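S.K.: Dropping in run-v1.cif, which is mmCIF, C-alpha atoms (C1' of nucleotides):
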data_run
loop_
_atom_site.group_PDB
_atom_site.id
_atom_site.type_symbol
_atom_site.label_atom_id
_atom_site.label_comp_id
_atom_site.auth_asym_id
_atom_site.auth_seq_id
_atom_site.Cartn_x
_atom_site.Cartn_y
_atom_site.Cartn_z
ATOM 1 C CA MET P 240 240.940 -23.211 171.718
ATOM 2 C CA PRO P 241 239.233 -24.119 168.505
ATOM 3 C CA THR P 242 237.076 -21.161 167.600
ATOM 4 C CA PRO P 243 235.516 -19.240 170.465
ATOM 5 C CA HIS P 244 235.118 -15.727 169.206
ATOM 6 C CA TYR P 245 232.960 -13.860 171.645
ATOM 7 C CA GLY P 246 232.765 -10.133 171.265
ATOM 8 C CA GLN P 247 235.475 -8.881 168.993
ATOM 9 C CA PRO P 248 237.056 -11.175 166.417
ATOM 10 C CA ARG P 249 240.674 -12.071 167.012
ATOM 11 C CA TYR P 250 241.872 -10.598 163.740
ATOM 12 C CA ARG P 251 240.455 -7.241 164.745
ATOM 13 C CA THR P 252 242.104 -7.156 168.153
ATOM 14 C CA ILE P 253 245.370 -8.114 166.505
ATOM 15 C CA ALA P 254 244.912 -5.317 163.990
ATOM 16 C CA ASP P 255 244.219 -2.881 166.818
ATOM 17 C CA GLU P 256 247.344 -3.975 168.641
ATOM 18 C CA LEU P 257 249.514 -3.540 165.566
ATOM 19 C CA ARG P 258 247.903 -0.191 164.855
ATOM 20 C CA LYS P 259 248.822 0.973 168.325
ATOM 21 C CA ARG P 260 252.434 -0.033 167.821
ATOM 22 C CA ILE P 261 252.585 1.880 164.575
ATOM 23 C CA GLU P 262 250.848 5.012 165.772
ATOM 24 C CA SER P 263 252.787 5.033 169.019
ATOM 25 C CA GLY P 264 256.075 4.656 167.203
ATOM 26 C CA VAL P 265 257.008 1.283 168.624
ATOM 27 C CA ILE P 266 257.117 0.361 164.965
ATOM 28 C CA PRO P 267 258.571 3.498 163.372
ATOM 29 C CA PRO P 268 257.434 4.778 159.954
ATOM 30 C CA GLY P 269 258.969 2.828 157.118
ATOM 31 C CA ALA P 270 260.087 0.005 159.353
ATOM 32 C CA LEU P 271 259.419 -3.597 158.568
ATOM 33 C CA LEU P 272 256.742 -5.344 160.551
ATOM 34 C CA PRO P 273 257.493 -8.754 162.008
ATOM 35 C CA ALA P 274 256.991 -11.498 159.444
ATOM 36 C CA GLU P 275 253.642 -13.257 159.346
ATOM 37 C CA SER P 276 255.318 -16.347 160.702
ATOM 38 C CA ALA P 277 256.610 -14.343 163.658
ATOM 39 C CA LEU P 278 253.186 -12.852 164.280
ATOM 40 C CA THR P 279 251.556 -16.265 164.260
ATOM 41 C CA ALA P 280 253.939 -17.212 167.053
ATOM 42 C CA GLU P 281 253.434 -14.034 169.056
ATOM 43 C CA PHE P 282 249.643 -13.967 168.846
ATOM 44 C CA ARG P 283 249.279 -17.735 168.800
ATOM 45 C CA SER P 284 247.022 -17.488 165.752
ATOM 46 C CA ALA P 285 246.850 -19.042 162.329
ATOM 47 C CA ARG P 286 248.446 -17.279 159.416
ATOM 48 C CA GLY P 287 245.092 -16.584 157.825
ATOM 49 C CA THR P 288 244.012 -14.674 160.889
ATOM 50 C CA ILE P 289 247.210 -12.626 160.871
ATOM 51 C CA ARG P 290 246.719 -11.873 157.209
ATOM 52 C CA GLN P 291 243.164 -10.726 157.880
ATOM 53 C CA ALA P 292 244.489 -8.315 160.501
ATOM 54 C CA ILE P 293 247.142 -6.938 158.164
ATOM 55 C CA ALA P 294 244.522 -6.549 155.442
ATOM 56 C CA ILE P 295 242.670 -4.138 157.718
ATOM 57 C CA LEU P 296 245.780 -2.047 158.229
ATOM 58 C CA ARG P 297 246.440 -2.086 154.516
ATOM 59 C CA GLU P 298 242.904 -0.916 153.876
ATOM 60 C CA ALA P 299 243.531 1.963 156.267
ATOM 61 C CA ASP P 300 246.762 2.804 154.432
ATOM 62 C CA LEU P 301 248.709 2.207 157.608
ATOM 63 C CA VAL P 302 250.983 -0.335 155.972
ATOM 64 C CA VAL P 303 252.086 -1.473 152.553
ATOM 65 C CA THR P 304 252.973 -5.036 151.670
ATOM 66 C CA ALA P 305 255.494 -6.265 149.102
ATOM 67 C CA HIS P 306 255.572 -9.804 147.894
ATOM 68 C CA GLY P 307 258.795 -11.464 148.890
ATOM 69 C CA ARG P 308 259.930 -8.671 151.158
ATOM 70 C CA GLY P 309 257.531 -7.998 153.946
ATOM 71 C CA THR P 310 255.031 -5.498 155.289
ATOM 72 C CA TYR P 311 256.160 -1.976 156.039
ATOM 73 C CA ALA P 312 254.661 0.641 158.303
ATOM 74 C CA ALA P 313 253.381 3.632 156.359
ATOM 75 C CA PRO P 314 256.341 5.791 155.340
ATOM 76 C CA ARG P 315 254.729 9.150 155.914
ATOM 77 C CA GLY P 316 254.292 9.922 159.530
ATOM 78 C CA ASP P 317 250.688 10.899 159.048
ATOM 79 C CA ALA P 318 248.773 11.618 162.157
ATOM 80 C CA PRO P 319 245.065 10.842 162.158
ATOM 81 C CA TRP P 320 244.465 13.463 159.527
ATOM 82 C CA ARG P 321 246.432 16.401 158.100
ATOM 83 C CA ASP P 322 248.157 16.242 154.761
ATOM 84 C CA GLY P 323 247.157 18.175 151.711
ATOM 85 C CA GLY P 324 246.863 21.485 153.470
ATOM 86 C CA SER P 325 243.180 21.204 154.137
ATOM 87 C CA GLU P 326 241.388 21.374 157.380
ATOM 88 C CA THR P 327 240.296 18.347 159.291
ATOM 89 C CA ASP P 328 238.459 15.515 157.627
ATOM 90 C CA LEU P 329 235.609 15.565 160.059
ATOM 91 C CA GLN P 330 233.576 18.610 160.784
ATOM 92 C CA LYS P 331 230.326 19.411 162.498
ATOM 93 C CA ARG P 332 228.342 22.576 162.214
ATOM 94 C CA GLN P 333 224.873 23.862 162.666
ATOM 95 C CA VAL P 334 222.889 24.992 159.682
ATOM 96 C CA THR P 335 219.334 25.997 158.946
ATOM 97 C CA ALA P 336 216.968 24.071 156.756
ATOM 98 C CA ASP P 337 216.450 25.418 153.268
ATOM 99 C CA VAL P 338 213.217 24.719 151.440
ATOM 100 C CA GLU P 339 214.390 21.357 150.241
ATOM 101 C CA LEU P 340 215.660 20.000 153.512
ATOM 102 C CA ALA P 341 212.653 21.416 155.313
ATOM 103 C CA ALA P 342 210.391 19.465 153.005
ATOM 104 C CA ILE P 343 212.300 16.261 153.532
ATOM 105 C CA PHE P 344 212.279 16.508 157.302
ATOM 106 C CA ASP P 345 208.781 17.944 157.308
ATOM 107 C CA VAL P 346 209.753 20.962 159.403
ATOM 108 C CA ASP P 347 209.647 24.711 158.888
ATOM 109 C CA VAL P 348 212.209 26.463 156.776
ATOM 110 C CA GLY P 349 214.966 27.785 158.989
ATOM 111 C CA THR P 350 214.781 24.973 161.490
ATOM 112 C CA ALA P 351 218.180 24.216 162.986
ATOM 113 C CA LEU P 352 219.902 21.126 161.625
ATOM 114 C CA LEU P 353 223.154 19.460 162.503
ATOM 115 C CA GLU P 354 225.401 18.955 159.512
ATOM 116 C CA GLN P 355 228.251 16.534 159.799
ATOM 117 C CA GLN P 356 230.745 16.461 156.986
ATOM 118 C CA SER P 357 233.427 13.880 156.366
ATOM 119 C CA LEU P 358 235.907 13.477 153.553
ATOM 120 C CA THR P 359 237.311 10.339 152.054
ATOM 121 C CA ARG P 360 240.660 10.636 150.395
ATOM 122 C CA ARG P 361 242.676 8.602 147.959
ATOM 123 C CA ASN P 362 246.354 9.376 147.806
ATOM 124 C CA GLY P 363 245.731 12.695 149.382
ATOM 125 C CA ALA P 364 243.118 13.809 146.882
ATOM 126 C CA VAL P 365 239.542 14.172 148.043
ATOM 127 C CA LYS P 366 237.490 11.388 146.591
ATOM 128 C CA ALA P 367 234.116 12.053 148.115
ATOM 129 C CA VAL P 368 232.358 14.444 150.429
ATOM 130 C CA VAL P 369 229.646 13.044 152.654
ATOM 131 C CA ARG P 370 227.263 15.377 154.418
ATOM 132 C CA THR P 371 224.783 14.051 156.910
ATOM 133 C CA TYR P 372 221.907 16.197 158.140
ATOM 134 C CA ARG P 373 219.986 15.454 161.306
ATOM 135 C CA LEU P 374 217.473 17.241 163.455
ATOM 136 C CA LEU P 375 218.905 18.631 166.645
ATOM 137 C CA GLU P 376 216.634 17.441 169.407
ATOM 138 C CA THR P 377 215.159 13.980 169.832
ATOM 139 C CA GLU P 378 217.069 10.847 170.649
ATOM 140 C CA SER P 379 216.305 7.199 171.249
ATOM 141 C CA MET R 1041 244.920 -29.936 141.230
ATOM 142 C CA PRO R 1042 245.917 -28.867 144.641
ATOM 143 C CA THR R 1043 247.302 -25.379 144.218
ATOM 144 C CA PRO R 1044 248.711 -24.457 140.834
ATOM 145 C CA HIS R 1045 248.030 -20.790 140.289
ATOM 146 C CA TYR R 1046 249.784 -19.797 137.152
ATOM 147 C CA GLY R 1047 248.808 -16.478 135.660
ATOM 148 C CA GLN R 1048 245.618 -15.271 137.214
ATOM 149 C CA PRO R 1049 244.571 -16.498 140.645
ATOM 150 C CA ARG R 1050 241.446 -18.610 140.766
ATOM 151 C CA TYR R 1051 239.592 -16.251 143.071
ATOM 152 C CA ARG R 1052 240.017 -13.493 140.552
ATOM 153 C CA THR R 1053 238.673 -15.453 137.607
ATOM 154 C CA ILE R 1054 235.732 -16.484 139.737
ATOM 155 C CA ALA R 1055 235.114 -12.862 140.655
ATOM 156 C CA ASP R 1056 235.250 -11.914 136.969
ATOM 157 C CA GLU R 1057 232.753 -14.611 136.095
ATOM 158 C CA LEU R 1058 230.305 -13.497 138.780
ATOM 159 C CA ARG R 1059 230.781 -9.881 137.766
ATOM 160 C CA LYS R 1060 229.803 -10.760 134.225
ATOM 161 C CA ARG R 1061 226.643 -12.462 135.414
ATOM 162 C CA ILE R 1062 225.677 -9.418 137.422
ATOM 163 C CA GLU R 1063 226.465 -6.835 134.783
ATOM 164 C CA SER R 1064 224.856 -8.894 132.048
ATOM 165 C CA GLY R 1065 221.700 -9.339 134.067
ATOM 166 C CA VAL R 1066 221.931 -13.103 134.469
ATOM 167 C CA ILE R 1067 221.839 -12.208 138.136
ATOM 168 C CA PRO R 1068 219.405 -9.294 138.195
ATOM 169 C CA PRO R 1069 219.854 -6.286 140.516
ATOM 170 C CA GLY R 1070 218.796 -7.038 144.052
ATOM 171 C CA ALA R 1071 218.747 -10.767 143.456
ATOM 172 C CA LEU R 1072 220.395 -13.238 145.747
ATOM 173 C CA LEU R 1073 223.622 -14.818 144.593
ATOM 174 C CA PRO R 1074 224.050 -18.565 144.946
ATOM 175 C CA ALA R 1075 225.167 -19.536 148.429
ATOM 176 C CA GLU R 1076 228.856 -19.985 149.046
ATOM 177 C CA SER R 1077 228.263 -23.704 149.390
ATOM 178 C CA ALA R 1078 226.666 -23.757 145.950
ATOM 179 C CA LEU R 1079 229.516 -21.783 144.447
ATOM 180 C CA THR R 1080 232.103 -24.155 145.893
ATOM 181 C CA ALA R 1081 230.322 -26.937 144.044
ATOM 182 C CA GLU R 1082 229.997 -25.046 140.783
ATOM 183 C CA PHE R 1083 233.563 -23.759 140.652
ATOM 184 C CA ARG R 1084 235.049 -26.788 142.388
ATOM 185 C CA SER R 1085 236.911 -24.479 144.782
ATOM 186 C CA ALA R 1086 237.333 -24.163 148.501
ATOM 187 C CA ARG R 1087 235.047 -21.851 150.402
ATOM 188 C CA GLY R 1088 237.862 -19.494 151.242
ATOM 189 C CA THR R 1089 238.571 -18.993 147.572
ATOM 190 C CA ILE R 1090 234.910 -18.234 146.897
ATOM 191 C CA ARG R 1091 234.844 -15.784 149.753
ATOM 192 C CA GLN R 1092 237.919 -14.043 148.367
ATOM 193 C CA ALA R 1093 236.150 -13.645 145.048
ATOM 194 C CA ILE R 1094 233.042 -12.212 146.676
ATOM 195 C CA ALA R 1095 235.221 -9.852 148.723
ATOM 196 C CA ILE R 1096 236.415 -8.333 145.460
ATOM 197 C CA LEU R 1097 232.854 -7.746 144.290
ATOM 198 C CA ARG R 1098 231.981 -6.266 147.658
ATOM 199 C CA GLU R 1099 234.944 -3.942 147.410
ATOM 200 C CA ALA R 1100 233.661 -2.801 144.036
ATOM 201 C CA ASP R 1101 230.201 -2.215 145.520
ATOM 202 C CA LEU R 1102 228.757 -4.762 143.135
ATOM 203 C CA VAL R 1103 227.235 -6.815 145.917
ATOM 204 C CA VAL R 1104 226.308 -6.515 149.557
ATOM 205 C CA THR R 1105 226.435 -9.348 152.038
ATOM 206 C CA ALA R 1106 224.265 -9.913 155.099
ATOM 207 C CA HIS R 1107 225.075 -12.389 157.801
ATOM 208 C CA GLY R 1108 222.517 -15.136 157.867
ATOM 209 C CA ARG R 1109 220.867 -14.110 154.640
ATOM 210 C CA GLY R 1110 223.219 -14.186 151.719
ATOM 211 C CA THR R 1111 224.900 -11.978 149.178
ATOM 212 C CA TYR R 1112 222.792 -9.718 146.997
ATOM 213 C CA ALA R 1113 223.605 -8.135 143.673
ATOM 214 C CA ALA R 1114 223.750 -4.354 143.957
ATOM 215 C CA PRO R 1115 220.415 -2.753 143.080
ATOM 216 C CA ARG R 1116 221.669 -0.105 140.708
ATOM 217 C CA GLY R 1117 225.090 0.857 139.471
ATOM 218 C CA ASP R 1118 226.593 1.614 142.806
ATOM 219 C CA ALA R 1119 225.087 3.159 145.868
ATOM 220 C CA PRO R 1120 225.116 2.957 149.624
ATOM 221 C CA TRP R 1121 221.724 1.429 149.937
ATOM 222 C CA ARG R 1122 220.361 0.427 153.295
ATOM 223 C CA ASP R 1123 217.124 0.916 155.142
ATOM 224 C CA GLY R 1124 214.214 -1.395 154.904
ATOM 225 C CA GLY R 1125 211.428 0.986 154.119
ATOM 226 C CA SER R 1126 211.019 2.608 150.778
ATOM 227 C CA GLU R 1127 213.658 1.780 148.267
ATOM 228 C CA THR R 1128 213.019 4.973 146.393
ATOM 229 C CA ASP R 1129 214.829 6.933 149.046
ATOM 230 C CA LEU R 1130 217.821 6.980 146.793
ATOM 231 C CA GLN R 1131 218.315 9.780 144.389
ATOM 232 C CA LYS R 1132 221.057 10.930 142.098
ATOM 233 C CA ARG R 1133 221.437 14.263 140.411
ATOM 234 C CA GLN R 1134 224.092 16.416 138.911
ATOM 235 C CA VAL R 1135 225.002 19.679 140.583
ATOM 236 C CA THR R 1136 227.693 22.304 140.218
ATOM 237 C CA ALA R 1137 230.339 23.007 142.790
ATOM 238 C CA ASP R 1138 229.812 26.063 144.927
ATOM 239 C CA VAL R 1139 232.778 27.880 146.421
ATOM 240 C CA GLU R 1140 232.968 25.528 149.362
ATOM 241 C CA LEU R 1141 232.811 22.257 147.473
ATOM 242 C CA ALA R 1142 235.146 23.613 144.836
ATOM 243 C CA ALA R 1143 237.714 24.355 147.516
ATOM 244 C CA ILE R 1144 237.392 20.899 148.989
ATOM 245 C CA PHE R 1145 237.785 19.100 145.691
ATOM 246 C CA ASP R 1146 240.337 21.624 144.482
ATOM 247 C CA VAL R 1147 238.458 22.350 141.267
ATOM 248 C CA ASP R 1148 236.915 25.428 139.721
ATOM 249 C CA VAL R 1149 233.612 26.779 140.911
ATOM 250 C CA GLY R 1150 230.866 25.426 138.692
ATOM 251 C CA THR R 1151 232.536 22.101 138.046
ATOM 252 C CA ALA R 1152 229.999 19.335 137.614
ATOM 253 C CA LEU R 1153 229.550 17.050 140.605
ATOM 254 C CA LEU R 1154 227.443 13.998 141.167
ATOM 255 C CA GLU R 1155 225.247 14.289 144.212
ATOM 256 C CA GLN R 1156 223.797 11.142 145.633
ATOM 257 C CA GLN R 1157 221.193 11.501 148.322
ATOM 258 C CA SER R 1158 219.781 8.810 150.540
ATOM 259 C CA LEU R 1159 217.383 8.977 153.457
ATOM 260 C CA THR R 1160 217.208 6.894 156.568
ATOM 261 C CA ARG R 1161 213.863 6.643 158.270
ATOM 262 C CA ARG R 1162 212.592 5.748 161.688
ATOM 263 C CA ASN R 1163 208.959 4.783 161.873
ATOM 264 C CA GLY R 1164 208.297 6.595 158.676
ATOM 265 C CA ALA R 1165 209.863 9.845 159.770
ATOM 266 C CA VAL R 1166 213.067 10.956 158.131
ATOM 267 C CA LYS R 1167 215.884 10.545 160.579
ATOM 268 C CA ALA R 1168 218.851 11.588 158.519
ATOM 269 C CA VAL R 1169 219.743 12.844 155.070
ATOM 270 C CA VAL R 1170 223.036 11.729 153.622
ATOM 271 C CA ARG R 1171 224.434 13.513 150.624
ATOM 272 C CA THR R 1172 227.532 12.259 148.898
ATOM 273 C CA TYR R 1173 229.383 14.379 146.373
ATOM 274 C CA ARG R 1174 231.825 12.984 143.855
ATOM 275 C CA LEU R 1175 233.628 14.236 140.808
ATOM 276 C CA LEU R 1176 232.191 13.026 137.541
ATOM 277 C CA GLU R 1177 235.098 11.963 135.375
ATOM 278 C CA THR R 1178 238.102 9.863 136.336
ATOM 279 C CA GLU R 1179 238.062 6.255 137.347
ATOM 280 C CA SER R 1180 240.532 3.720 138.592
ATOM 281 C "C1'" DA Z 228 207.271 -20.424 170.530
ATOM 282 C "C1'" DG Z 229 210.695 -23.542 169.437
ATOM 283 C "C1'" DA Z 230 213.626 -26.527 166.675
ATOM 284 C "C1'" DA Z 231 215.944 -27.382 162.500
ATOM 285 C "C1'" DA Z 232 217.994 -26.063 158.284
ATOM 286 C "C1'" DT Z 233 220.577 -22.447 155.713
ATOM 287 C "C1'" DT Z 234 223.989 -19.150 155.154
ATOM 288 C "C1'" DT Z 235 227.651 -16.165 156.253
ATOM 289 C "C1'" DG Z 236 231.531 -15.216 159.847
ATOM 290 C "C1'" DT Z 237 235.618 -16.677 162.193
ATOM 291 C "C1'" DC Z 238 239.565 -19.696 162.951
ATOM 292 C "C1'" DC Z 239 242.629 -23.467 162.500
ATOM 293 C "C1'" DG Z 240 246.335 -26.309 160.153
ATOM 294 C "C1'" DT Z 241 248.635 -27.610 156.062
ATOM 295 C "C1'" DA Z 242 250.620 -27.525 151.429
ATOM 296 C "C1'" DT Z 243 252.437 -25.368 147.568
ATOM 297 C "C1'" DG Z 244 253.586 -21.371 144.383
ATOM 298 C "C1'" DT Z 245 256.169 -17.089 143.613
ATOM 299 C "C1'" DA Z 246 259.133 -13.148 144.662
ATOM 300 C "C1'" DT Z 247 262.966 -11.352 147.113
ATOM 301 C "C1'" DC Z 248 267.292 -11.465 149.573
ATOM 302 C "C1'" DA O 1230 271.326 -22.196 145.290
ATOM 303 C "C1'" DG O 1231 269.346 -21.675 149.585
ATOM 304 C "C1'" DA O 1232 266.695 -19.169 152.953
ATOM 305 C "C1'" DT O 1233 263.068 -16.094 153.946
ATOM 306 C "C1'" DA O 1234 258.544 -13.987 153.190
ATOM 307 C "C1'" DC O 1235 254.225 -13.141 151.148
ATOM 308 C "C1'" DA O 1236 250.310 -15.257 147.928
ATOM 309 C "C1'" DT O 1237 247.156 -18.724 146.824
ATOM 310 C "C1'" DA O 1238 244.439 -22.756 147.855
ATOM 311 C "C1'" DC O 1239 242.557 -26.662 150.284
ATOM 312 C "C1'" DG O 1240 239.547 -28.761 153.913
ATOM 313 C "C1'" DG O 1241 237.579 -28.905 158.357
ATOM 314 C "C1'" DA O 1242 235.310 -27.071 162.539
ATOM 315 C "C1'" DC O 1243 232.472 -24.161 165.212
ATOM 316 C "C1'" DA O 1244 229.870 -19.502 165.948
ATOM 317 C "C1'" DA O 1245 226.231 -16.334 164.852
ATOM 318 C "C1'" DA O 1246 222.311 -14.496 162.215
ATOM 319 C "C1'" DT O 1247 218.362 -15.569 159.464
ATOM 320 C "C1'" DT O 1248 214.780 -18.142 157.563
ATOM 321 C "C1'" DT O 1249 211.765 -22.019 157.430
ATOM 322 C "C1'" DC O 1250 208.944 -25.450 159.353
#
Could the structure of this file be written out as structure tokens, please?
M.R.:
Amino acid sequence: MPTPHYGQPRYRTIADELRKRIESGVIPPGALLPAESALTAEFRSARGTIRQAIAILREADLVVTAHGRGTYAAPRGDAPWRDGGSETDLQKRQVTADVELAAIFDVDVGTALLEQQSLTRRNGAVKAVVRTYRLLETES
Amino acid sequence: MPTPHYGQPRYRTIADELRKRIESGVIPPGALLPAESALTAEFRSARGTIRQAIAILREADLVVTAHGRGTYAAPRGDAPWRDGGSETDLQKRQVTADVELAAIFDVDVGTALLEQQSLTRRNGAVKAVVRTYRLLETES
DNA sequence: AGAAATTTGTCCGTATGTATC
DNA sequence: AGATACATACGGACAAATTTC
């Protein structure tokens, strides 16, 4: 098969598979992942594709890679979130429009809005807070 | 020269060069970067190397890439732009942390924060308001 | 509306450099 | 010194999105 990539790219499905093994404990925390050469054999893919998959996991802080040594599963057994003693990283709540938001949405002050808040962290510390406001009803 | 990468990797020097052009204004904000094919010719490098360089700029929010269109220099400093309608939907301002934000960032109440607000529209009507809060100082 | 050209996305295979064991 | 493993780089091929004609 030269390059038929319908739907999801191969490197992403490979990343998903490896993620499952890590989160399920098949690859325990701190353990060494199979070498890239081994993964090319298992997934029948080129090394570049394997490296793309691992790059995704590295971006998600699920693994760390060391030059001549290998790629390790994240040492801390972090679940989806937790860590740092805060609440969850994703949170929804209903709020009412203040004068500013009311003007933006062109609705009356006090109109119900859905606020969705998510946090992005870096080494445990909160790096950014993103709040998204939407009107409740309506949908397309 | 097939593959001698002493010192700094080629993709990194290429990224530095492109970064200079963007920050110096040689490539103005919002402008299209040369196509990857053009860059391979200019830097006498393989396409993969060029793409690695651009990936660095994308990571730094200096450029955004769209599939069949090209890679654009970031419009202003850094910002999650998007949306096709009015470009002036983006707005930055400095605010002070209330009790809630202070708790999230683990700073004192009143600490200066940068608030970045962007709107997404649907047929002219505001569909969502996204507000991103970040600490002012510090950088990596 | 349709075809062609452009441009980025994905994938392959190979070769060589560099760090670690 | 040798083996193993990740890093960098090349070149080619096809897929998918966009623009142009």
S.K.: Check what the PyMOL selection byres ((chain R and resi 1062) around 12) selects in the file above and give those residues as a count of residues only.
M.R.: 29
S.K.: Evaluated on this file, the PyMOL selection byres ((chain O) within 8 of (chain P)) picks out some residues - which ones are they, written as JSON, numbers by chain?
M.R.: {"O": [1234, 1235, 1236, 1242, 1243, 1244]}
S.K.: Taking only C-alpha atoms into account, report as a list in words which residues of chain P lie within 9 Å of chain R.
M.R.: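 Taking only C-alpha atoms into account, Ser325, Leu340, Ile343, Phe344, Asp345, Leu358, Ala364, Val365, Lys366, Ala367, Val368, Val369, Arg370, Thr371, Tyr372, Arg373 and Leu374 of chain P sit within 9 Å of chain R.
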S.K.: Hey, what comes out of the PyMOL selection byres ((chain Z) within 6 of (chain P)) on this file? Could you write it as a ChimeraX atom specification?
M.R.: /Z:238,246-247
S.K.: Atom C1' of O:DA1238 to atom CA of R:Arg1084: how many Å, to one decimal?
M.R.: 11.6 Å
S.K.: Which distance in Å separates atom CA of P:Thr279 and atom C1' of Z:DA242, to one decimal?
M.R.: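 The value is 17.1 Å.
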S.K.: How many Å separate atom CA of P:Leu278 from atom C1' of Z:DC239?
M.R.: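 Distance reported for this atom pair: 15.1 Å.
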